[in-house]
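Below is upload_22.txt, which holds compact mmCIF, C-alpha atoms and all ligand atoms.
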```
# COMPACT_ATOMS: atom_id res chain seq x y z
CA MET A 30 31.63 -42.52 -15.99
CA SER A 31 33.09 -41.22 -12.76
CA ASP A 32 31.35 -38.96 -10.33
CA ALA A 33 31.83 -35.20 -10.94
CA ILE A 34 32.53 -33.33 -7.71
CA ILE A 35 33.11 -29.93 -9.30
CA GLU A 36 31.73 -28.76 -12.65
CA LEU A 37 32.45 -25.27 -13.93
CA ASP A 38 31.05 -24.16 -17.24
CA GLU A 39 32.09 -20.73 -18.49
CA LEU A 40 31.97 -19.50 -14.90
CA ARG A 41 32.24 -15.74 -14.48
CA ARG A 42 32.29 -13.18 -11.71
CA THR A 43 32.63 -9.47 -12.29
CA PHE A 44 33.06 -6.81 -9.62
CA ILE A 45 32.28 -3.18 -10.09
CA VAL A 46 35.00 -1.16 -8.43
CA ARG A 47 34.50 2.56 -7.90
CA ALA A 48 37.64 4.63 -7.79
CA ARG A 49 38.19 8.36 -7.45
CA THR A 50 39.90 10.06 -10.33
CA GLY A 51 42.20 13.07 -9.92
CA GLY A 52 39.22 15.30 -9.12
CA LEU A 53 36.32 14.26 -6.91
CA ARG A 54 34.56 12.33 -9.64
CA ARG A 55 34.14 8.59 -9.02
CA VAL A 56 34.45 6.25 -11.99
CA ALA A 57 33.16 2.71 -12.07
CA ARG A 58 35.47 0.02 -13.44
CA GLU A 59 34.67 -3.63 -14.08
CA VAL A 60 37.05 -6.27 -12.71
CA HIS A 61 36.64 -9.66 -14.39
CA ALA A 62 37.87 -11.67 -11.40
CA VAL A 63 36.75 -14.98 -12.95
CA ASP A 64 36.42 -14.72 -16.70
CA GLY A 65 34.89 -17.84 -18.27
CA ILE A 66 36.43 -20.85 -16.49
CA SER A 67 35.37 -24.37 -17.51
CA ALA A 68 36.70 -27.44 -15.70
CA ARG A 69 35.56 -30.69 -14.19
CA ILE A 70 37.01 -32.42 -11.15
CA ASP A 71 36.04 -36.02 -10.42
CA ALA A 72 35.65 -37.81 -7.11
CA GLY A 73 38.97 -38.77 -5.55
CA GLU A 74 41.12 -36.33 -7.52
CA ALA A 75 43.63 -34.02 -5.83
CA VAL A 76 43.88 -30.76 -7.74
CA GLY A 77 46.08 -27.73 -7.17
CA TYR A 78 44.56 -24.39 -8.13
CA ILE A 79 47.37 -21.90 -8.54
CA GLY A 80 47.92 -18.41 -9.88
CA ALA A 81 49.50 -15.08 -9.04
CA ASN A 82 47.97 -12.73 -6.47
CA GLY A 83 44.61 -11.43 -7.68
CA ALA A 84 44.30 -14.11 -10.42
CA GLY A 85 40.81 -15.17 -9.27
CA LYS A 86 41.39 -18.22 -7.05
CA SER A 87 39.50 -17.07 -3.96
CA THR A 88 36.64 -15.74 -6.05
CA THR A 89 36.30 -19.16 -7.72
CA ILE A 90 36.32 -20.90 -4.34
CA LYS A 91 33.70 -18.52 -2.98
CA MET A 92 31.43 -19.43 -5.92
CA LEU A 93 32.10 -23.16 -5.46
CA THR A 94 31.10 -22.98 -1.82
CA GLY A 95 28.05 -20.76 -2.26
CA ILE A 96 29.48 -17.62 -0.61
CA LEU A 97 29.36 -15.62 -3.85
CA VAL A 98 26.80 -15.56 -6.65
CA PRO A 99 28.29 -16.03 -10.13
CA SER A 100 27.78 -13.25 -12.69
CA GLY A 101 27.51 -15.85 -15.45
CA GLY A 102 28.04 -19.47 -16.43
CA ARG A 103 27.34 -22.48 -14.31
CA VAL A 104 28.83 -24.09 -11.21
CA ARG A 105 27.94 -27.39 -9.56
CA THR A 106 29.64 -28.68 -6.43
CA CYS A 107 28.91 -32.27 -5.36
CA GLY A 108 25.98 -32.07 -7.77
CA TYR A 109 24.43 -29.02 -6.04
CA GLU A 110 23.96 -25.44 -7.10
CA PRO A 111 26.06 -23.80 -4.38
CA VAL A 112 24.11 -20.62 -3.55
CA PRO A 113 20.51 -21.89 -3.41
CA GLN A 114 21.55 -25.27 -2.01
CA ARG A 115 24.21 -24.00 0.37
CA ARG A 116 22.92 -25.82 3.47
CA THR A 117 22.75 -29.19 1.76
CA LEU A 118 26.14 -28.59 0.19
CA ALA A 119 27.66 -27.79 3.62
CA ARG A 120 27.18 -31.46 4.57
CA GLU A 121 29.32 -32.56 1.63
CA ILE A 122 32.23 -30.13 1.78
CA GLY A 123 34.89 -29.00 4.23
CA VAL A 124 36.68 -25.69 3.76
CA VAL A 125 39.88 -24.41 5.32
CA PHE A 126 40.86 -20.78 4.75
CA GLY A 127 44.45 -20.27 5.90
CA GLN A 128 43.71 -16.66 6.75
CA ARG A 129 40.36 -17.14 8.48
CA SER A 130 39.23 -19.41 11.31
CA GLN A 131 36.16 -21.56 11.70
CA LEU A 132 37.07 -22.43 15.29
CA TRP A 133 35.60 -20.82 18.40
CA TRP A 134 38.34 -18.48 19.54
CA ASP A 135 37.64 -18.55 23.29
CA LEU A 136 36.83 -22.23 23.61
CA PRO A 137 39.20 -25.16 24.00
CA LEU A 138 39.90 -26.77 20.65
CA ARG A 139 38.09 -29.97 21.63
CA GLU A 140 34.80 -28.07 22.13
CA SER A 141 34.89 -26.69 18.58
CA PHE A 142 34.88 -30.26 17.29
CA ASP A 143 31.92 -31.18 19.50
CA ILE A 144 29.99 -28.09 18.37
CA LEU A 145 30.70 -28.88 14.71
CA ALA A 146 29.56 -32.48 15.18
CA ALA A 147 26.30 -31.12 16.66
CA ILE A 148 25.87 -28.59 13.80
CA HIS A 149 26.24 -31.44 11.32
CA ARG A 150 23.80 -33.50 13.42
CA LEU A 151 26.23 -36.41 13.67
CA PRO A 152 25.10 -39.08 16.13
CA ALA A 153 27.57 -39.43 19.03
CA ALA A 154 28.39 -42.99 18.00
CA ARG A 155 29.70 -41.68 14.68
CA ALA A 156 31.15 -38.37 15.84
CA ARG A 157 33.25 -39.69 18.73
CA PRO A 158 35.43 -42.18 16.85
CA ARG A 159 35.84 -39.74 13.97
CA ILE A 160 37.02 -36.94 16.27
CA GLU A 161 39.41 -39.33 18.02
CA GLN A 162 40.77 -40.44 14.64
CA LEU A 163 41.42 -36.81 13.63
CA ILE A 164 43.01 -35.97 16.98
CA GLU A 165 45.39 -38.85 16.53
CA GLY A 166 46.10 -38.28 12.83
CA LEU A 167 46.83 -34.57 13.32
CA GLU A 168 48.57 -35.04 16.68
CA LEU A 169 46.30 -32.65 18.56
CA GLN A 170 46.29 -34.40 21.96
CA ALA A 171 48.71 -32.02 23.70
CA PHE A 172 46.62 -28.89 23.17
CA LEU A 173 43.00 -30.06 23.04
CA SER A 174 42.15 -28.16 26.23
CA THR A 175 43.87 -24.95 25.12
CA PRO A 176 41.64 -22.07 24.01
CA VAL A 177 42.07 -21.60 20.27
CA ARG A 178 43.34 -18.00 20.68
CA GLN A 179 46.41 -19.37 22.53
CA LEU A 180 47.43 -21.90 19.87
CA SER A 181 50.44 -21.40 17.62
CA LEU A 182 49.68 -20.96 13.92
CA GLY A 183 50.77 -24.54 13.14
CA GLU A 184 48.63 -25.98 15.94
CA ARG A 185 45.64 -23.91 14.91
CA MET A 186 45.92 -24.96 11.26
CA ARG A 187 45.91 -28.61 12.25
CA GLY A 188 42.84 -27.83 14.34
CA GLU A 189 41.22 -26.10 11.35
CA VAL A 190 41.81 -29.12 9.12
CA ALA A 191 40.33 -31.46 11.75
CA ALA A 192 37.31 -29.15 12.10
CA ALA A 193 36.73 -29.20 8.33
CA LEU A 194 36.81 -33.02 8.30
CA VAL A 195 34.66 -33.94 11.33
CA HIS A 196 31.65 -34.71 9.10
CA ARG A 197 33.68 -36.70 6.53
CA PRO A 198 33.10 -34.34 3.58
CA ARG A 199 33.45 -35.69 0.05
CA LEU A 200 35.33 -32.54 -0.97
CA LEU A 201 37.96 -30.72 1.07
CA ILE A 202 38.87 -27.24 -0.14
CA LEU A 203 42.07 -25.79 1.27
CA ASP A 204 42.84 -22.13 0.61
CA GLU A 205 46.52 -21.46 1.47
CA PRO A 206 46.62 -24.06 4.26
CA THR A 207 50.38 -23.90 4.81
CA ILE A 208 50.83 -20.12 4.70
CA GLY A 209 53.17 -18.99 7.48
CA LEU A 210 53.90 -22.53 8.72
CA ASP A 211 57.41 -23.77 9.40
CA MET A 212 58.79 -26.72 7.40
CA ILE A 213 57.95 -29.34 10.03
CA SER A 214 54.36 -28.16 10.45
CA LYS A 215 53.91 -28.03 6.67
CA GLU A 216 55.20 -31.54 6.24
CA ARG A 217 53.08 -32.92 9.09
CA LEU A 218 49.96 -31.39 7.55
CA ARG A 219 50.80 -32.69 4.06
CA GLN A 220 51.45 -36.19 5.37
CA PHE A 221 48.12 -36.19 7.18
CA LEU A 222 46.28 -35.08 4.01
CA ILE A 223 47.92 -37.85 1.97
CA THR A 224 46.78 -40.46 4.50
CA GLU A 225 43.29 -39.00 4.86
CA ARG A 226 42.81 -39.04 1.11
CA ALA A 227 44.03 -42.62 0.80
CA GLU A 228 41.73 -43.82 3.58
CA GLU A 229 38.61 -41.76 2.92
CA GLY A 230 38.84 -41.10 -0.83
CA THR A 231 38.35 -37.38 -0.16
CA THR A 232 38.60 -35.09 -3.19
CA LEU A 233 41.07 -32.25 -2.62
CA LEU A 234 41.12 -28.78 -4.11
CA LEU A 235 44.09 -26.77 -2.92
CA THR A 236 45.21 -23.21 -3.53
CA THR A 237 48.71 -22.34 -2.45
CA HIS A 238 51.73 -20.22 -3.23
CA ASP A 239 54.02 -23.08 -2.21
CA MET A 240 54.82 -25.41 -5.12
CA SER A 241 55.96 -28.09 -2.66
CA ASP A 242 52.34 -28.38 -1.44
CA ILE A 243 51.31 -29.13 -5.01
CA GLU A 244 54.18 -31.54 -5.62
CA ARG A 245 53.40 -33.51 -2.48
CA LEU A 246 49.63 -33.56 -2.73
CA CYS A 247 48.30 -33.05 -6.26
CA GLU A 248 48.45 -34.99 -9.51
CA ARG A 249 46.61 -32.35 -11.45
CA VAL A 250 47.06 -28.58 -11.61
CA LEU A 251 44.83 -25.77 -12.80
CA VAL A 252 46.66 -22.51 -13.39
CA VAL A 253 44.53 -19.36 -13.44
CA ASP A 254 45.75 -16.09 -14.90
CA HIS A 255 43.62 -12.94 -14.93
CA GLY A 256 40.46 -14.97 -14.36
CA LYS A 257 41.13 -17.44 -17.21
CA LEU A 258 42.53 -20.96 -17.17
CA ALA A 259 46.09 -20.91 -18.48
CA TYR A 260 46.74 -24.62 -17.87
CA ASP A 261 44.76 -27.72 -16.91
CA GLY A 262 46.72 -30.96 -16.78
CA THR A 263 49.11 -33.10 -14.82
CA LEU A 264 51.86 -31.69 -12.66
CA ARG A 265 54.30 -33.66 -14.82
CA GLY A 266 52.94 -31.99 -17.95
CA LEU A 267 53.26 -28.57 -16.32
CA SER A 268 56.86 -29.23 -15.35
CA ARG A 269 57.60 -30.31 -18.94
CA ARG A 270 56.19 -27.02 -20.23
CA VAL A 271 57.70 -24.63 -17.76
CA ALA A 272 60.67 -26.56 -16.34
CA LEU A 273 60.08 -26.27 -12.62
CA GLN A 274 63.68 -25.48 -11.84
CA ARG A 275 64.97 -25.28 -8.29
CA VAL A 276 68.00 -23.31 -7.20
CA LEU A 277 70.55 -24.42 -4.63
CA VAL A 278 72.46 -21.49 -3.15
CA VAL A 279 75.70 -22.42 -1.39
CA ASP A 280 78.10 -20.36 0.73
CA LEU A 281 81.67 -21.58 0.34
CA ALA A 282 84.54 -21.45 2.83
CA GLU A 283 86.86 -20.12 0.09
CA PRO A 284 85.65 -18.03 -2.89
CA GLN A 285 85.68 -20.05 -6.09
CA PRO A 286 84.12 -17.94 -8.87
CA GLY A 287 82.52 -19.75 -11.80
CA LEU A 288 82.43 -23.17 -10.13
CA GLU A 289 80.86 -25.79 -12.42
CA VAL A 290 79.21 -29.11 -11.47
CA PRO A 291 77.88 -31.87 -13.82
CA SER A 292 74.17 -31.98 -12.94
CA ALA A 293 73.30 -28.28 -12.43
CA VAL A 294 73.85 -24.94 -14.10
CA ASN A 295 75.67 -22.15 -12.29
CA VAL A 296 73.21 -19.23 -12.53
CA GLY A 297 74.84 -16.69 -10.25
CA THR A 298 77.93 -15.70 -8.30
CA GLU A 299 77.89 -13.23 -5.42
CA LEU A 300 80.31 -12.12 -2.68
CA ASN A 301 83.23 -12.46 -5.11
CA GLY A 302 82.56 -16.16 -5.60
CA ALA A 303 81.86 -17.10 -1.96
CA ARG A 304 78.14 -17.54 -2.74
CA GLN A 305 77.01 -19.41 -5.85
CA SER A 306 73.63 -20.46 -7.17
CA PHE A 307 73.00 -23.72 -9.04
CA SER A 308 69.80 -24.32 -10.97
CA PHE A 309 68.58 -27.89 -11.58
CA ALA A 310 65.51 -29.81 -12.75
CA PRO A 311 64.15 -31.93 -9.87
CA ASP A 312 62.91 -34.64 -12.24
CA GLN A 313 66.49 -35.15 -13.45
CA THR A 314 68.55 -34.83 -10.30
CA THR A 315 68.17 -34.03 -6.60
CA ALA A 316 69.35 -31.21 -4.36
CA ALA A 317 71.41 -33.81 -2.45
CA MET A 318 73.20 -34.84 -5.67
CA VAL A 319 74.01 -31.22 -6.61
CA LEU A 320 75.25 -30.57 -3.07
CA ALA A 321 77.43 -33.68 -3.20
CA GLU A 322 78.95 -32.50 -6.49
CA VAL A 323 79.69 -29.03 -5.07
CA SER A 324 81.06 -30.53 -1.83
CA ALA A 325 83.44 -32.73 -3.83
CA VAL A 326 85.24 -29.63 -5.13
CA ALA A 327 84.66 -26.98 -2.45
CA GLU A 328 83.92 -26.72 1.26
CA VAL A 329 80.26 -25.73 1.76
CA ARG A 330 79.52 -23.57 4.84
CA ASP A 331 75.79 -22.98 4.40
CA LEU A 332 73.02 -23.58 1.87
CA THR A 333 69.45 -22.67 0.95
CA LEU A 334 67.09 -24.22 -1.56
CA THR A 335 64.58 -22.06 -3.43
CA GLU A 336 61.29 -23.34 -4.83
CA PRO A 337 59.99 -22.37 -8.27
CA ALA A 338 57.83 -19.26 -7.86
CA ILE A 339 54.24 -19.58 -9.04
CA GLU A 340 54.46 -16.08 -10.53
CA ASP A 341 57.29 -17.32 -12.79
CA ILE A 342 55.26 -20.36 -13.87
CA VAL A 343 52.30 -18.14 -14.80
CA ARG A 344 54.56 -15.70 -16.66
CA THR A 345 56.15 -18.51 -18.69
CA LEU A 346 52.74 -19.98 -19.62
CA TYR A 347 51.53 -16.51 -20.62
CA HIS A 348 54.51 -15.91 -22.92
CA GLN A 349 54.13 -19.39 -24.44
CA SER A 350 50.47 -18.71 -25.23
CA ILE A 351 51.33 -15.36 -26.89
CA GLU A 352 54.08 -16.99 -28.96
CA SER A 353 51.84 -19.81 -30.13
N1 LIG B 1 34.69 -8.03 -3.26
C1 LIG B 1 35.46 -7.56 -4.23
N2 LIG B 1 35.25 -6.35 -4.75
C2 LIG B 1 36.01 -5.88 -5.75
N3 LIG B 1 37.01 -6.55 -6.32
C3 LIG B 1 37.28 -7.77 -5.85
C4 LIG B 1 36.52 -8.35 -4.79
N4 LIG B 1 37.02 -9.59 -4.53
C5 LIG B 1 38.04 -9.79 -5.40
N5 LIG B 1 38.19 -8.70 -6.19
C6 LIG B 1 39.17 -8.54 -7.26
O1 LIG B 1 39.08 -9.68 -8.10
C7 LIG B 1 40.37 -10.11 -8.55
C8 LIG B 1 40.58 -11.57 -8.14
O2 LIG B 1 40.68 -11.64 -6.72
P1 LIG B 1 40.86 -13.02 -5.93
O3 LIG B 1 40.82 -12.67 -4.47
O4 LIG B 1 39.89 -14.01 -6.42
O5 LIG B 1 42.32 -13.44 -6.35
P2 LIG B 1 43.26 -14.58 -5.78
O6 LIG B 1 43.76 -15.33 -6.95
O7 LIG B 1 42.56 -15.35 -4.73
O8 LIG B 1 44.43 -13.74 -5.14
P3 LIG B 1 45.33 -14.00 -3.83
O9 LIG B 1 46.33 -15.06 -4.20
O10 LIG B 1 45.99 -12.66 -3.63
O11 LIG B 1 44.42 -14.38 -2.72
C9 LIG B 1 41.35 -9.12 -7.93
O12 LIG B 1 41.61 -8.14 -8.88
C10 LIG B 1 40.60 -8.56 -6.75
O13 LIG B 1 41.05 -7.27 -6.44
```

Just give me the structure of the file as structure tokens.
Amino acid sequence: MSDAIIELDELRRTFIVRARTGGLRRVAREVHAVDGISARIDAGEAVGYIGANGAGKSTTIKMLTGILVPSGGRVRTCGYEPVPQRRTLAREIGVVFGQRSQLWWDLPLRESFDILAAIHRLPAARARPRIEQLIEGLELQAFLSTPVRQLSLGERMRGEVAAALVHRPRLLILDEPTIGLDMISKERLRQFLITERAEEGTTLLLTTHDMSDIERLCERVLVVDHGKLAYDGTLRGLSRRVALQRVLVVDLAEPQPGLEVPSAVNVGTELNGARQSFSFAPDQTTAAMVLAEVSAVAEVRDLTLTEPAIEDIVRTLYHQSIES
């Protein structure tokens, strides 16, 4: 049997929120942020954890990492009980919060890595080659001497990922790692994570609002909705259930209302036919193919490609569960 890295059994976390009513009276309300989640993630898996805003993702991650005490159920991370064994667990996991930094703001990036190596009590002979490997893999050389506060968001995120990996954790948890990054920075980070996982066998747990992160990095997806698991399975299985359609929007030189192409469905016409939207399934065709078909019959001036929204995926799963 393979090695369980994360085990959740009916995990729960409730918050008591006090709100003022119309008068001055305060009423207490329970929020079931995580409402009985059971799942198991084995060593070496790469799992996307997705859901709409407020679905319970961060609360789950806080319980996995020992920041928050569960209200009920059981959680084990790398075999440890996260809250009482938080220090031991810290040696096994790396965490990147897209919205929060674990780097020392006023120090050059390089010094954060040295401090982290010391915190993890890594002998210099092990720390040095590892840090060099991360600097190379994440292309950090050009700004190693720059104080963290002066880094661009993309540079800082690469620094954050390196910092989380200095001690070679078995589990890397990434909470919105690509938020706010441009396409090139996103892709560079994803490529690094693919290589790191292949070389080190690191288990990945990733929350994101960007489905491309999931498509590039994860074989398995957990979808959380109002604190409950709405889906646990392969990305392929999810796309079969909810048809992860993409939309190519093209601006044409000459209006051509109602334009049809073989491999996509025209789902919208704007600007009197000068802008048209084509929806397609990425497992059946590609954006390049749809564009080629449109270009064969009309001159394309500009284009954008939209990703499937996670909110739409959750909504579709929710309606399917009600219907069944
Ligand atoms: N400390 C807290 N006190 C009260 N309510 C909280 C607290 N933390 C989270 N919640 C509530 O719990 C629910 C789940 O929040 P959580 O942050 O886990 O969602 P999320 O899926 O991570 O959302 P997002 O994608 O917006 O980060 C929300 O309704 C949120 O308002």

Please, which residues in region 286-348 of chain A fall within 12 Å of region 242-252 of chain A when counting all atoms listed in the file, and what is the closest atom pair and distance in Å to one decimal for each, ordered by chain then residue number, as JSON lines?
```
{"residue": "A:Pro311", "atom": "CA", "partner": "A:Glu244", "partner_atom": "CA", "distance": 10.8}
{"residue": "A:Asp312", "atom": "CA", "partner": "A:Glu244", "partner_atom": "CA", "distance": 11.4}
{"residue": "A:Glu336", "atom": "CA", "partner": "A:Asp242", "partner_atom": "CA", "distance": 10.8}
{"residue": "A:Pro337", "atom": "CA", "partner": "A:Glu244", "partner_atom": "CA", "distance": 11.2}
{"residue": "A:Ile339", "atom": "CA", "partner": "A:Val252", "partner_atom": "CA", "distance": 9.2}
{"residue": "A:Glu340", "atom": "CA", "partner": "A:Val252", "partner_atom": "CA", "distance": 10.5}
{"residue": "A:Asp341", "atom": "CA", "partner": "A:Val252", "partner_atom": "CA", "distance": 11.8}
{"residue": "A:Ile342", "atom": "CA", "partner": "A:Val252", "partner_atom": "CA", "distance": 8.9}
{"residue": "A:Val343", "atom": "CA", "partner": "A:Val252", "partner_atom": "CA", "distance": 7.3}
{"residue": "A:Arg344", "atom": "CA", "partner": "A:Val252", "partner_atom": "CA", "distance": 10.9}
{"residue": "A:Thr345", "atom": "CA", "partner": "A:Val252", "partner_atom": "CA", "distance": 11.6}
{"residue": "A:Leu346", "atom": "CA", "partner": "A:Val252", "partner_atom": "CA", "distance": 9.1}
{"residue": "A:Tyr347", "atom": "CA", "partner": "A:Val252", "partner_atom": "CA", "distance": 10.6}
```

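Minimum atom-to-atom distances from A:Val195, A:Ala57, A:Ile208, A:Cys107 to Leu145 (chain A) were compared using only C-alpha atoms, and the lowest value belongs to A:Val195.
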
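The shortest atom-to-atom distance to ligand LIG 1 (chain B), with only C-alpha atoms and all ligand atoms taken into account, belongs to A:Thr237 out of A:Thr237, A:Thr224, A:Thr50, A:Asn295.
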
For ligand LIG 1 (chain B), collect every residue having any atom at a distance of at most 9 Å from a ligand atom (counting all atoms listed in the file); output as a ChimeraX atom specification.
-> /A:42-47,59-63,79-91,204-205,236-238,253-256

From CA of Met92 (chain A) to CA of Leu194 (chain A) the spacing works out at 20.4 Å

Let me know the centre plus edge lengths, in Å and rounded to one decimal, of a box with edges along x, y and z that contains all listed atoms of region 51-67 of chain A and is padded by 8 Å on every side, as lines of an AutoDock Vina configuration file.
```
center_x = 37.7
center_y = -4.5
center_z = -12.6
size_x = 25.0
size_y = 55.7
size_z = 27.4
```

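Distance annotation: of A:Gln170, A:Ser350, A:Thr231, A:Thr263, the residue with the minimal separation from His196 (chain A) is A:Thr231; atom set is all atoms listed in the file.
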
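Distances from A:Arg275, A:Arg69, A:Arg330, A:Arg55 to Thr315 (chain A) were compared using only C-alpha atoms, and the smallest one belongs to A:Arg275.
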
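The interatomic distance for the pair CA of Ile96 (chain A) and CA of Gly77 (chain A) works out to 20.5 Å.
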
Given the point (43.5, -37.1, -4.8) in the coordinates of this file, which residues lie within 6 Å, counting only C-alpha atoms, and how would they look as an NGL selection string?
:A and (73-75 or 232-233)

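Closest to Leu334 (chain A) among A:Leu277, A:Ser268, A:Val290, A:Leu132 is A:Leu277, based on all atoms listed in the file.
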
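With distances restricted to all atoms listed in the file, A:Asp143 is the closest residue to Ala192 (chain A) from A:Asp135, A:Asp143, A:Glu328, A:Glu322.
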
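The two atoms in question, CA of Glu184 (chain A) and CA of Leu169 (chain A), are spaced 7.5 Å apart.
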
**Message:** What's around region 146-150 of chain A at 12 Å? Count only C-alpha atoms, leave out sequence neighbours fewer than 6 positions away in its own chain, and write the answer as number ranges by chain.
**Reply:** A: 116-123, 139-140, 156-160, 191-198

- Show which residues sit within 7 Å of Glu283 (chain A), as a VMD selection string. Count only C-alpha atoms, and ignore same-chain residues fewer than 2 positions away. chain A and resid 281 285 303

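Close to (38.8, -29.2, -1.2), meaning no more than 7 Å away when counting only C-alpha atoms, sit the residues Gly123, Val124, Leu200, Leu201, Ile202, Leu203, Thr232, Leu233, Leu234 and Leu235 of chain A.
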